[in-house]
file start_1.cif (mmCIF, C-alpha atoms and all ligand atoms)
data_my_file
#
loop_
_atom_site.label_atom_id
_atom_site.label_comp_id
_atom_site.auth_asym_id
_atom_site.auth_seq_id
_atom_site.Cartn_x
_atom_site.Cartn_y
_atom_site.Cartn_z
CA MET H 263 -37.50 -16.45 82.97
CA ARG H 264 -41.13 -15.71 83.46
CA ARG H 265 -42.70 -17.05 86.60
CA HIS H 266 -46.07 -18.53 85.70
CA ALA H 267 -47.60 -18.19 89.12
CA VAL H 268 -51.23 -19.19 89.11
CA LEU H 269 -53.00 -17.00 91.58
CA PHE H 270 -55.93 -18.22 93.54
CA PRO H 271 -58.36 -15.37 93.03
CA ILE H 272 -60.47 -15.72 96.17
CA LEU H 273 -58.28 -17.02 98.96
CA GLY H 274 -55.01 -15.62 97.69
CA THR H 275 -51.74 -17.47 98.19
CA ALA H 276 -48.45 -16.78 99.78
CA GLY H 277 -45.90 -16.44 97.00
CA VAL H 278 -43.54 -19.39 96.90
CA THR H 279 -39.99 -18.19 96.60
CA GLU H 280 -36.95 -20.17 95.54
CA THR H 281 -35.31 -19.79 98.95
CA ALA H 282 -38.37 -20.97 100.86
CA ARG H 283 -38.53 -24.25 98.98
CA ALA H 284 -36.76 -27.00 100.82
CA ALA H 285 -39.46 -29.66 100.49
CA PRO H 286 -40.53 -30.77 97.03
CA LEU H 287 -43.52 -28.88 95.73
CA GLN H 288 -46.77 -30.57 94.94
CA ASP H 289 -49.22 -27.80 94.27
CA ALA H 290 -51.56 -27.43 91.32
CA LEU H 291 -52.05 -23.72 92.08
CA HIS H 292 -48.42 -22.83 91.44
CA ALA H 293 -47.31 -23.49 87.89
CA TYR H 294 -43.61 -23.99 87.25
CA GLY H 295 -44.07 -25.01 83.64
CA ILE H 296 -46.00 -23.70 80.67
CA GLN H 297 -48.49 -26.61 80.57
CA ALA H 298 -49.48 -26.24 84.21
CA TRP H 299 -49.79 -22.49 83.59
CA HIS H 300 -52.36 -23.10 80.81
CA ILE H 301 -54.31 -25.44 83.09
CA GLY H 302 -54.09 -22.98 85.97
CA ARG H 303 -55.51 -20.23 83.77
CA LEU H 304 -58.46 -22.46 82.84
CA TRP H 305 -59.00 -23.21 86.51
CA ASN H 306 -58.95 -19.49 87.40
CA PHE H 307 -61.49 -18.70 84.69
CA THR H 308 -63.78 -21.59 85.71
CA LEU H 309 -63.57 -20.62 89.37
CA ALA H 310 -64.29 -16.95 88.65
CA LEU H 311 -67.29 -17.73 86.42
CA CYS H 312 -68.75 -20.29 88.84
CA ALA H 313 -68.23 -17.88 91.75
CA LEU H 314 -70.12 -15.23 89.79
CA VAL H 315 -73.01 -17.65 89.13
CA PHE H 316 -73.07 -18.67 92.79
CA VAL H 317 -73.22 -15.03 93.94
CA ALA H 318 -75.99 -14.28 91.39
CA ILE H 319 -78.10 -17.25 92.57
CA VAL H 320 -77.71 -16.38 96.25
CA ALA H 321 -78.56 -12.75 95.48
CA ALA H 322 -81.69 -13.79 93.50
CA CYS H 323 -82.84 -15.98 96.41
CA LEU H 324 -82.31 -13.15 98.91
CA ILE H 325 -84.17 -10.65 96.70
CA ALA H 326 -87.08 -13.10 96.27
CA LEU H 327 -87.29 -13.61 100.04
CA TRP H 328 -87.09 -9.87 100.65
CA ARG H 329 -89.86 -9.05 98.18
CA ALA H 330 -92.21 -11.90 99.07
CA PRO H 331 -95.43 -10.59 100.68
CA ARG H 332 -95.61 -11.24 104.41
CA ALA H 333 -98.55 -13.48 105.31
CA ASP H 334 -99.77 -15.93 107.92
CA ALA H 335 -101.65 -19.21 107.41
CA LYS H 336 -104.89 -18.18 109.09
CA SER H 337 -105.75 -14.68 107.92
CA THR H 338 -104.16 -14.52 104.40
CA PRO H 339 -106.02 -16.30 101.59
CA PRO H 340 -103.76 -18.18 99.11
CA ASP H 341 -102.67 -16.09 96.08
CA MET H 342 -103.99 -18.04 93.05
CA THR H 343 -103.66 -15.23 90.49
CA SER H 344 -100.84 -16.97 88.60
CA LEU H 345 -103.31 -19.72 87.62
CA ILE H 346 -105.61 -17.22 85.98
CA ARG H 347 -103.25 -14.79 84.20
CA PRO H 348 -99.79 -15.58 82.81
CA GLU H 349 -96.78 -14.18 84.70
CA ARG H 350 -94.98 -12.30 81.93
CA GLY H 351 -92.29 -10.95 84.24
CA ILE H 352 -91.37 -14.40 85.52
CA HIS H 353 -91.25 -15.82 81.98
CA ARG H 354 -88.89 -13.04 80.93
CA THR H 355 -86.61 -13.63 83.94
CA VAL H 356 -86.45 -17.38 83.28
CA ALA H 357 -85.65 -16.75 79.60
CA TRP H 358 -82.81 -14.40 80.60
CA ALA H 359 -81.48 -16.92 83.11
CA VAL H 360 -81.52 -19.74 80.53
CA GLY H 361 -79.74 -17.49 78.05
CA ALA H 362 -77.09 -16.48 80.61
CA ALA H 363 -76.54 -20.11 81.69
CA THR H 364 -76.11 -21.19 78.05
CA LEU H 365 -73.61 -18.40 77.42
CA GLY H 366 -71.70 -19.31 80.56
CA LEU H 367 -71.51 -22.99 79.58
CA LEU H 368 -70.41 -22.05 76.06
CA ALA H 369 -67.70 -19.80 77.52
CA LEU H 370 -66.45 -22.72 79.67
CA LEU H 371 -66.50 -25.02 76.63
CA ALA H 372 -64.55 -22.48 74.55
CA ALA H 373 -62.00 -21.98 77.35
CA ASP H 374 -61.60 -25.76 77.58
CA VAL H 375 -61.04 -26.11 73.82
CA PHE H 376 -58.54 -23.23 73.76
CA THR H 377 -56.64 -24.72 76.70
CA THR H 378 -56.46 -28.14 75.03
CA ARG H 379 -55.19 -26.52 71.84
CA ALA H 380 -52.63 -24.47 73.77
CA LEU H 381 -51.40 -27.65 75.54
CA GLY H 382 -50.89 -29.30 72.16
CA ARG H 383 -48.90 -26.37 70.78
CA MET H 384 -45.88 -26.56 73.04
CA PRO H 385 -42.78 -26.62 70.79
CA LEU H 386 -41.11 -30.03 70.89
CA GLU H 387 -37.71 -29.33 69.30
CA ASN H 388 -34.75 -30.88 71.07
CA ALA H 389 -37.06 -32.84 73.38
CA VAL H 390 -35.99 -35.33 76.02
CA ASN H 391 -37.86 -38.63 75.52
CA ILE H 392 -38.74 -40.67 78.57
CA GLU H 393 -40.76 -43.87 78.67
CA LEU H 394 -42.48 -44.06 82.05
CA THR H 395 -44.05 -47.35 83.09
CA GLY H 396 -46.34 -47.70 86.09
CA HIS H 397 -45.93 -50.70 88.36
CA GLN H 398 -47.59 -51.65 91.63
CA TYR H 399 -46.12 -49.49 93.33
CA TRP H 400 -43.25 -47.73 91.62
CA TRP H 401 -42.28 -45.89 88.47
CA GLU H 402 -39.89 -47.28 85.88
CA ALA H 403 -38.27 -44.60 83.74
CA ARG H 404 -36.39 -45.35 80.55
CA TYR H 405 -34.59 -42.45 78.89
CA LEU H 406 -34.90 -43.13 75.18
CA ASP H 407 -32.28 -42.31 72.58
CA PRO H 408 -32.03 -43.21 68.89
CA ASP H 409 -28.63 -44.66 69.79
CA PHE H 410 -29.56 -47.70 71.89
CA GLN H 411 -26.22 -47.58 73.71
CA ARG H 412 -27.17 -44.21 75.17
CA GLN H 413 -30.47 -45.38 76.66
CA PHE H 414 -30.67 -45.96 80.39
CA SER H 415 -33.20 -46.83 83.07
CA THR H 416 -33.90 -45.43 86.49
CA ALA H 417 -36.80 -45.48 88.92
CA ASN H 418 -39.01 -43.15 90.95
CA GLU H 419 -36.94 -40.05 90.19
CA LEU H 420 -36.85 -38.17 86.91
CA HIS H 421 -34.27 -35.58 86.04
CA ILE H 422 -35.24 -33.10 83.34
CA PRO H 423 -33.52 -30.04 81.87
CA VAL H 424 -35.15 -26.67 82.60
CA GLY H 425 -36.60 -24.98 79.54
CA ARG H 426 -36.42 -28.07 77.31
CA PRO H 427 -39.54 -29.99 76.31
CA VAL H 428 -39.96 -33.48 77.71
CA ILE H 429 -42.09 -36.08 75.96
CA VAL H 430 -43.19 -38.72 78.46
CA THR H 431 -44.57 -41.91 76.94
CA LEU H 432 -46.84 -43.56 79.48
CA LYS H 433 -47.35 -47.29 79.92
CA SER H 434 -48.46 -49.67 82.62
CA LYS H 435 -47.31 -53.17 83.52
CA ASP H 436 -50.32 -54.19 85.61
CA VAL H 437 -53.27 -51.94 86.49
CA ILE H 438 -54.26 -48.37 85.67
CA HIS H 439 -52.03 -45.74 87.23
CA THR H 440 -52.09 -41.99 86.61
CA LEU H 441 -49.12 -39.67 86.32
CA TRP H 442 -49.69 -36.36 88.05
CA VAL H 443 -46.97 -33.78 88.69
CA PRO H 444 -49.28 -30.84 89.43
CA ASN H 445 -46.65 -28.09 89.24
CA LEU H 446 -45.80 -29.13 85.68
CA HIS H 447 -48.93 -30.61 84.10
CA GLY H 448 -52.33 -32.18 84.66
CA LYS H 449 -53.13 -35.88 85.00
CA ARG H 450 -52.69 -38.57 82.36
CA ASP H 451 -53.74 -42.20 82.74
CA MET H 452 -51.31 -45.07 82.30
CA ILE H 453 -53.39 -47.90 80.89
CA PRO H 454 -52.22 -51.51 80.48
CA GLY H 455 -51.87 -52.38 76.79
CA ARG H 456 -52.08 -48.75 75.69
CA THR H 457 -49.54 -46.04 75.13
CA THR H 458 -50.27 -42.38 75.79
CA THR H 459 -47.98 -39.38 75.90
CA MET H 460 -47.63 -36.22 77.93
CA GLN H 461 -45.61 -33.19 76.86
CA LEU H 462 -44.31 -31.01 79.62
CA ARG H 463 -41.64 -28.44 80.30
CA ALA H 464 -40.26 -27.13 83.57
CA ASP H 465 -39.54 -23.40 83.32
CA GLN H 466 -37.94 -23.10 86.75
CA PRO H 467 -35.38 -25.33 88.42
CA GLY H 468 -36.68 -27.22 91.42
CA THR H 469 -37.88 -30.50 92.85
CA TYR H 470 -41.48 -31.27 92.00
CA ARG H 471 -43.37 -34.11 93.60
CA GLY H 472 -45.59 -36.28 91.47
CA GLN H 473 -48.14 -38.72 92.74
CA CYS H 474 -50.02 -41.66 91.26
CA ALA H 475 -53.53 -40.26 90.93
CA GLU H 476 -55.51 -43.42 90.18
CA PHE H 477 -56.27 -45.96 92.89
CA CYS H 478 -54.06 -48.89 91.94
CA GLY H 479 -54.00 -51.07 95.03
CA LEU H 480 -52.95 -51.19 98.64
CA GLN H 481 -49.97 -48.84 98.32
CA HIS H 482 -51.45 -46.40 95.82
CA ALA H 483 -50.93 -43.49 98.20
CA MET H 484 -47.25 -44.42 98.57
CA MET H 485 -46.54 -44.25 94.85
CA ALA H 486 -44.73 -40.95 94.50
CA LEU H 487 -42.32 -39.65 91.89
CA LEU H 488 -39.76 -36.88 92.23
CA VAL H 489 -39.02 -34.67 89.23
CA GLU H 490 -35.73 -32.81 89.48
CA ALA H 491 -35.65 -29.93 87.02
CA GLU H 492 -32.09 -28.66 86.63
CA PRO H 493 -30.01 -26.55 84.21
CA ASP H 494 -29.18 -28.27 80.94
CA ALA H 495 -25.50 -28.88 81.69
CA GLN H 496 -26.32 -30.39 85.08
CA TYR H 497 -28.95 -32.62 83.47
CA GLU H 498 -26.55 -33.80 80.76
CA ALA H 499 -23.92 -34.61 83.40
CA TRP H 500 -26.50 -36.61 85.36
CA ALA H 501 -27.60 -38.49 82.22
CA GLU H 502 -23.98 -39.27 81.37
CA ARG H 503 -23.45 -40.73 84.86
CA GLN H 504 -26.59 -42.86 84.47
CA ARG H 505 -25.19 -44.36 81.26
CA GLN H 506 -22.10 -45.64 83.09
CA ALA H 507 -22.01 -49.14 84.53
CA ALA H 508 -21.85 -49.56 88.30
CA PRO H 509 -18.36 -48.97 89.73
CA ALA H 510 -16.22 -51.97 90.62
CA PRO H 511 -15.98 -52.72 94.38
CA ALA H 512 -13.08 -50.94 96.05
CA SER H 513 -13.08 -52.78 99.40
CA ASP H 514 -13.59 -56.28 100.73
CA ALA H 515 -16.90 -55.45 102.41
CA VAL H 516 -18.25 -53.98 99.19
CA ARG H 517 -16.96 -56.97 97.21
CA ARG H 518 -18.74 -59.33 99.63
CA GLY H 519 -21.85 -57.15 99.33
CA ARG H 520 -21.86 -57.47 95.57
CA ALA H 521 -21.42 -61.24 95.79
CA LEU H 522 -24.38 -61.39 98.20
CA PHE H 523 -26.49 -59.29 95.83
CA LEU H 524 -25.80 -61.74 93.02
CA GLU H 525 -26.20 -64.90 95.12
CA LYS H 526 -29.24 -64.01 97.18
CA SER H 527 -32.62 -63.27 95.68
CA CYS H 528 -31.84 -59.57 94.81
CA ALA H 529 -30.55 -60.34 91.32
CA ARG H 530 -33.73 -62.22 90.45
CA CYS H 531 -35.65 -58.94 90.32
CA HIS H 532 -33.16 -56.10 89.89
CA THR H 533 -30.63 -54.93 87.33
CA ILE H 534 -27.23 -53.51 88.12
CA ASN H 535 -25.39 -52.70 84.90
CA GLY H 536 -21.87 -54.06 84.89
CA THR H 537 -22.82 -57.11 86.95
CA GLY H 538 -24.69 -60.29 86.04
CA ALA H 539 -27.93 -58.85 87.46
CA THR H 540 -30.25 -58.06 84.56
CA ALA H 541 -33.77 -58.75 85.86
CA THR H 542 -36.45 -56.12 85.32
CA GLN H 543 -39.08 -57.16 87.86
CA GLY H 544 -38.06 -54.38 90.26
CA PRO H 545 -36.33 -51.00 89.90
CA ASP H 546 -32.97 -50.72 88.13
CA LEU H 547 -30.43 -50.23 90.91
CA THR H 548 -27.36 -49.32 88.85
CA HIS H 549 -27.32 -45.80 90.36
CA LEU H 550 -29.52 -46.37 93.40
CA ALA H 551 -27.32 -44.36 95.77
CA GLY H 552 -27.78 -41.24 93.65
CA ARG H 553 -31.51 -41.13 94.34
CA LYS H 554 -33.10 -39.13 97.12
CA THR H 555 -35.63 -41.72 98.22
CA ILE H 556 -36.36 -45.43 98.15
CA ALA H 557 -39.70 -47.26 97.90
CA ALA H 558 -41.18 -44.71 95.45
CA GLY H 559 -40.72 -41.57 97.50
CA MET H 560 -41.68 -43.20 100.78
CA LEU H 561 -38.38 -43.42 102.67
CA PRO H 562 -35.19 -41.35 102.65
CA ASN H 563 -32.34 -43.10 100.88
CA ASP H 564 -29.84 -43.79 103.65
CA ALA H 565 -28.12 -46.89 105.04
CA GLY H 566 -30.58 -47.39 107.91
CA HIS H 567 -33.72 -47.23 105.81
CA LEU H 568 -32.12 -49.31 103.07
CA ALA H 569 -31.23 -52.07 105.56
CA ALA H 570 -34.72 -52.03 107.09
CA TRP H 571 -36.29 -52.09 103.63
CA ILE H 572 -34.21 -55.05 102.41
CA GLN H 573 -34.92 -57.08 105.55
CA ASP H 574 -38.66 -56.60 105.70
CA PRO H 575 -40.34 -54.43 103.06
CA GLN H 576 -43.76 -55.79 104.04
CA SER H 577 -43.63 -54.18 107.47
CA LEU H 578 -42.86 -50.78 105.91
CA LYS H 579 -45.07 -50.95 102.83
CA PRO H 580 -47.51 -53.86 103.12
CA GLY H 581 -48.54 -55.28 99.77
CA VAL H 582 -45.41 -54.49 97.75
CA TYR H 583 -44.01 -57.32 95.64
CA MET H 584 -40.59 -57.30 97.25
CA PRO H 585 -40.22 -60.24 99.64
CA ALA H 586 -38.50 -60.20 103.02
CA ASN H 587 -34.80 -61.07 102.95
CA ARG H 588 -33.53 -62.67 106.12
CA MET H 589 -29.78 -62.45 106.46
CA ARG H 590 -27.12 -62.14 109.12
CA PRO H 591 -26.30 -58.61 110.36
CA ASP H 592 -22.81 -58.75 108.84
CA GLU H 593 -24.26 -59.81 105.49
CA LEU H 594 -26.81 -57.01 105.58
CA HIS H 595 -24.04 -54.55 106.44
CA ASP H 596 -21.94 -55.63 103.46
CA LEU H 597 -24.92 -55.61 101.09
CA VAL H 598 -25.90 -52.09 102.14
CA ALA H 599 -22.25 -50.98 101.91
CA TYR H 600 -22.25 -52.21 98.31
CA LEU H 601 -25.56 -50.52 97.42
CA GLU H 602 -24.28 -47.27 98.91
CA THR H 603 -21.44 -47.25 96.35
CA LEU H 604 -23.90 -47.24 93.42
CA LYS H 605 -23.72 -43.48 92.92
CU1 LIG H 701 -50.32 -46.35 90.98
CU2 LIG H 701 -52.10 -45.43 92.24
#
call {"tool": "encode", "arguments": {"input": "start_1.cif", "output": "structure tokens", "more": "lines below"}}
Ligand code: CUA
result
Amino acid sequence: MRRHAVLFPILGTAGVTETARAAPLQDALHAYGIQAWHIGRLWNFTLALCALVFVAIVAACLIALWRAPRADAKSTPPDMTSLIRPERGIHRTVAWAVGAATLGLLALLAADVFTTRALGRMPLENAVNIELTGHQYWWEARYLDPDFQRQFSTANELHIPVGRPVIVTLKSKDVIHTLWVPNLHGKRDMIPGRTTTMQLRADQPGTYRGQCAEFCGLQHAMMALLVEAEPDAQYEAWAERQRQAAPAPASDAVRRGRALFLEKSCARCHTINGTGATATQGPDLTHLAGRKTIAAGMLPNDAGHLAAWIQDPQSLKPGVYMPANRMRPDELHDLVAYLETLK
């Protein structure tokens, strides 16, 4: 597969290799999908042209300084000749400069139009359809399917098949958010009461970090999204797992944990398919344990962070809508043990 590396023409970049990528990538200068490649090409062209203009202006200033007659305030009379006879040479230079600036701006406009057209021409056969809804401060993802039974929801982590188009329908529940996964595409606003779409395709497997790119409140900076691009078979297996209900508890602790989840306030906001919990205020937790992070990319998904998060989310991420949940240590242990089984 072709690697659409967008090269930074002035500074240069170290090539990012597959082996060197442990952390998720969030880098607009390295395209891992065709759409980001188109945008990167536009950026390269704009940067090159603007750099050229900058160099030309600095050069013109230096030449003007170099050629200016040396004088001092006392002994040199002011040169007033330009008031008497027109400066033909200057007029000609200004006319050339205006012409060159107009051509440059037209070239940028044309490049912009061609890029927009290229972005709209990505083939969409066999596309994966995802409805992504922005919340303060997390991402709700619903994988759409004509067969309603095959639809499923997840949060803060998208899985997509490499080489297949993905149509993301963007919505918002509260304020304006912006989806931005720079390695795969540019930014697109998520506006309350409106629906927009973004078409993207990952051409290389990998983990790409997305970020909310519109200030949406106190925890805007902590509103991240992971995009896992994986081979088609691996993606289909993941999607099939997501469609399953949560497994039944296999031990007493886990059984107590599930009872706590349903009795305490958890079930008022969250869904776990296969239980009585069907609320949609917070993320769907049916397969919580399969995700890499909690709190929208903020914390690693392990028992310790999960317990701390459940007890007092406000101390970790002030301003989120999840309330503190005071419970006994043994209760917390059982609840976390249950959540850890939701693979
Ligand atoms: Cu959501 Cu910023």
call {"tool": "axis_aligned_box", "arguments": {"input": "start_1.cif", "around": "range 286-292 of chain H", "padding_each_side": "4 Å", "output": "lines of an AutoDock Vina configuration file"}}
result
center_x = -46.3
center_y = -26.8
center_z = 94.2
size_x = 19.5
size_y = 15.9
size_z = 13.7
call {"tool": "residues_near_ligand", "arguments": {"input": "start_1.cif", "ligand": "ligand LIG 701 (chain H)", "cutoff": "10 Å", "atoms": "all atoms listed in the file", "output": "list in words"}}
result
Gly396, His397, Gln398, Tyr399, Trp400, Trp401, Ser434, Asp436, Val437, Ile438, His439, Thr440, Leu441, Asp451, Met452, Gln473, Cys474, Ala475, Glu476, Phe477, Cys478, Gly479, Leu480, Gln481, His482, Ala483, Met484, Met485 and Ala486 of chain H
call {"tool": "atom_distance", "arguments": {"input": "start_1.cif", "atom1": "CA of Ala501 in chain H", "atom2": "CA of Tyr294 in chain H"}}
result
22.2 Å
call {"tool": "closest_residue", "arguments": {"input": "start_1.cif", "among": "H:Pro385, H:Pro591, H:Pro286, H:Pro423", "to": "Tyr497 in chain H", "atoms": "only C-alpha atoms"}}
result
H:Pro423
call {"tool": "atom_distance", "arguments": {"input": "start_1.cif", "atom1": "CA of Glu602 in chain H", "atom2": "CA of Asp407 in chain H"}}
result
28.0 Å
call {"tool": "residues_near_point", "arguments": {"input": "start_1.cif", "point": "(-38.6, -45.8, 100.9)", "cutoff": "10 Å", "atoms": "all atoms listed in the file", "output": "number ranges by chain"}}
result
H: 484, 554-564, 567-568, 570-571, 575, 578-579
call {"tool": "residues_around", "arguments": {"input": "start_1.cif", "residues": "Leu522 in chain H", "least_positions_apart": "6", "cutoff": "10 Å", "atoms": "all atoms listed in the file", "output": "mmCIF file with C-alpha atoms, in the frame of the given file"}}
result
data_model
loop_
_atom_site.group_PDB
_atom_site.id
_atom_site.type_symbol
_atom_site.label_atom_id
_atom_site.label_comp_id
_atom_site.auth_asym_id
_atom_site.auth_seq_id
_atom_site.Cartn_x
_atom_site.Cartn_y
_atom_site.Cartn_z
ATOM 1 C CA VAL H 516 -18.250 -53.980 99.190
ATOM 2 C CA CYS H 528 -31.840 -59.570 94.810
ATOM 3 C CA ALA H 529 -30.550 -60.340 91.320
ATOM 4 C CA MET H 589 -29.780 -62.450 106.460
ATOM 5 C CA GLU H 593 -24.260 -59.810 105.490
ATOM 6 C CA LEU H 594 -26.810 -57.010 105.580
ATOM 7 C CA ASP H 596 -21.940 -55.630 103.460
ATOM 8 C CA LEU H 597 -24.920 -55.610 101.090
ATOM 9 C CA TYR H 600 -22.250 -52.210 98.310
#
call {"tool": "closest_residue", "arguments": {"input": "start_1.cif", "among": "H:Asp334, H:Glu502, H:Glu387, H:Glu402", "to": "Ser415 in chain H", "atoms": "all atoms listed in the file"}}
result
H:Glu402
call {"tool": "residues_around", "arguments": {"input": "start_1.cif", "residues": "Asp374 in chain H", "least_positions_apart": "6", "cutoff": "10 Å", "atoms": "only C-alpha atoms", "output": "PyMOL selection string"}}
result
chain H and resi 301+304-305+308+368+380
call {"tool": "residues_near_point", "arguments": {"input": "start_1.cif", "point": "(-39.5, -26.8, 90.5)", "cutoff": "6 Å", "atoms": "only C-alpha atoms", "output": "compact mmCIF listing (two decimals) with C-alpha atoms, in the coordinates of the input"}}
result
# COMPACT_ATOMS: atom_id res chain seq x y z
CA TYR H 294 -43.61 -23.99 87.25
CA GLN H 466 -37.94 -23.10 86.75
CA PRO H 467 -35.38 -25.33 88.42
CA GLY H 468 -36.68 -27.22 91.42
CA THR H 469 -37.88 -30.50 92.85
CA TYR H 470 -41.48 -31.27 92.00
call {"tool": "closest_residue", "arguments": {"input": "start_1.cif", "among": "H:Ile346, H:Met460, H:Ala499, H:Ala290", "to": "His421 in chain H", "atoms": "all atoms listed in the file"}}
result
H:Ala499
call {"tool": "closest_residue", "arguments": {"input": "start_1.cif", "among": "H:Ala586, H:Ile422, H:Ala508, H:Ala357", "to": "Lys526 in chain H", "atoms": "only C-alpha atoms"}}
result
H:Ala586
call {"tool": "residues_around", "arguments": {"input": "start_1.cif", "residues": "Ala389 in chain H", "least_positions_apart": "6", "cutoff": "8 Å", "atoms": "only C-alpha atoms", "output": "list in words"}}
result
Arg426, Pro427, Val428 and Ile429 of chain H
call {"tool": "closest_residue", "arguments": {"input": "start_1.cif", "among": "H:Thr542, H:Asn418, H:Ser344, H:Asn445", "to": "Asp289 in chain H", "atoms": "all atoms listed in the file"}}
result
H:Asn445
call {"tool": "atom_distance", "arguments": {"input": "start_1.cif", "atom1": "CA of Leu432 in chain H", "atom2": "CA of Leu446 in chain H"}}
result
15.7 Å
call {"tool": "decode", "arguments": {"input": "start_1.cif", "residues": "range 323-367 of chain H", "atoms": "C-alpha atoms", "output": "CSV table (one decimal), in the first residue's frame"}}
result
chain,number,residue,atom,x,y,z
H,323,CYS,CA,13.4,45.3,1.1
H,324,LEU,CA,17.1,44.5,1.3
H,325,ILE,CA,17.7,45.6,-2.3
H,326,ALA,CA,15.9,48.9,-1.6
H,327,LEU,CA,18.0,49.5,1.5
H,328,TRP,CA,21.2,48.6,-0.5
H,329,ARG,CA,20.4,51.0,-3.4
H,330,ALA,CA,19.1,53.9,-1.3
H,331,PRO,CA,21.4,56.9,-1.6
H,332,ARG,CA,23.4,57.5,1.6
H,333,ALA,CA,22.6,60.9,3.1
H,334,ASP,CA,22.7,62.8,6.4
H,335,ALA,CA,20.1,65.2,7.8
H,336,LYS,CA,22.2,68.4,7.8
H,337,SER,CA,24.1,68.4,4.5
H,338,THR,CA,21.8,66.5,2.1
H,339,PRO,CA,18.8,68.5,0.8
H,340,PRO,CA,15.5,66.4,0.6
H,341,ASP,CA,15.0,64.7,-2.8
H,342,MET,CA,11.6,66.1,-4.1
H,343,THR,CA,12.0,65.0,-7.7
H,344,SER,CA,9.2,62.5,-7.5
H,345,LEU,CA,6.7,65.3,-6.9
H,346,ILE,CA,7.7,67.0,-10.2
H,347,ARG,CA,8.1,64.0,-12.6
H,348,PRO,CA,6.3,60.7,-12.5
H,349,GLU,CA,8.3,57.7,-11.4
H,350,ARG,CA,7.7,55.3,-14.3
H,351,GLY,CA,10.0,52.6,-13.0
H,352,ILE,CA,8.2,52.5,-9.6
H,353,HIS,CA,4.8,52.3,-11.3
H,354,ARG,CA,5.9,49.4,-13.4
H,355,THR,CA,7.3,47.5,-10.4
H,356,VAL,CA,4.0,48.1,-8.5
H,357,ALA,CA,2.0,46.9,-11.4
H,358,TRP,CA,4.1,43.7,-11.7
H,359,ALA,CA,3.8,43.1,-7.9
H,360,VAL,CA,0.0,43.5,-8.1
H,361,GLY,CA,-0.1,41.1,-11.0
H,362,ALA,CA,2.1,38.5,-9.2
H,363,ALA,CA,0.0,38.8,-6.0
H,364,THR,CA,-3.2,38.3,-7.9
H,365,LEU,CA,-1.8,35.2,-9.7
H,366,GLY,CA,-0.6,33.8,-6.4
H,367,LEU,CA,-4.0,34.2,-4.8
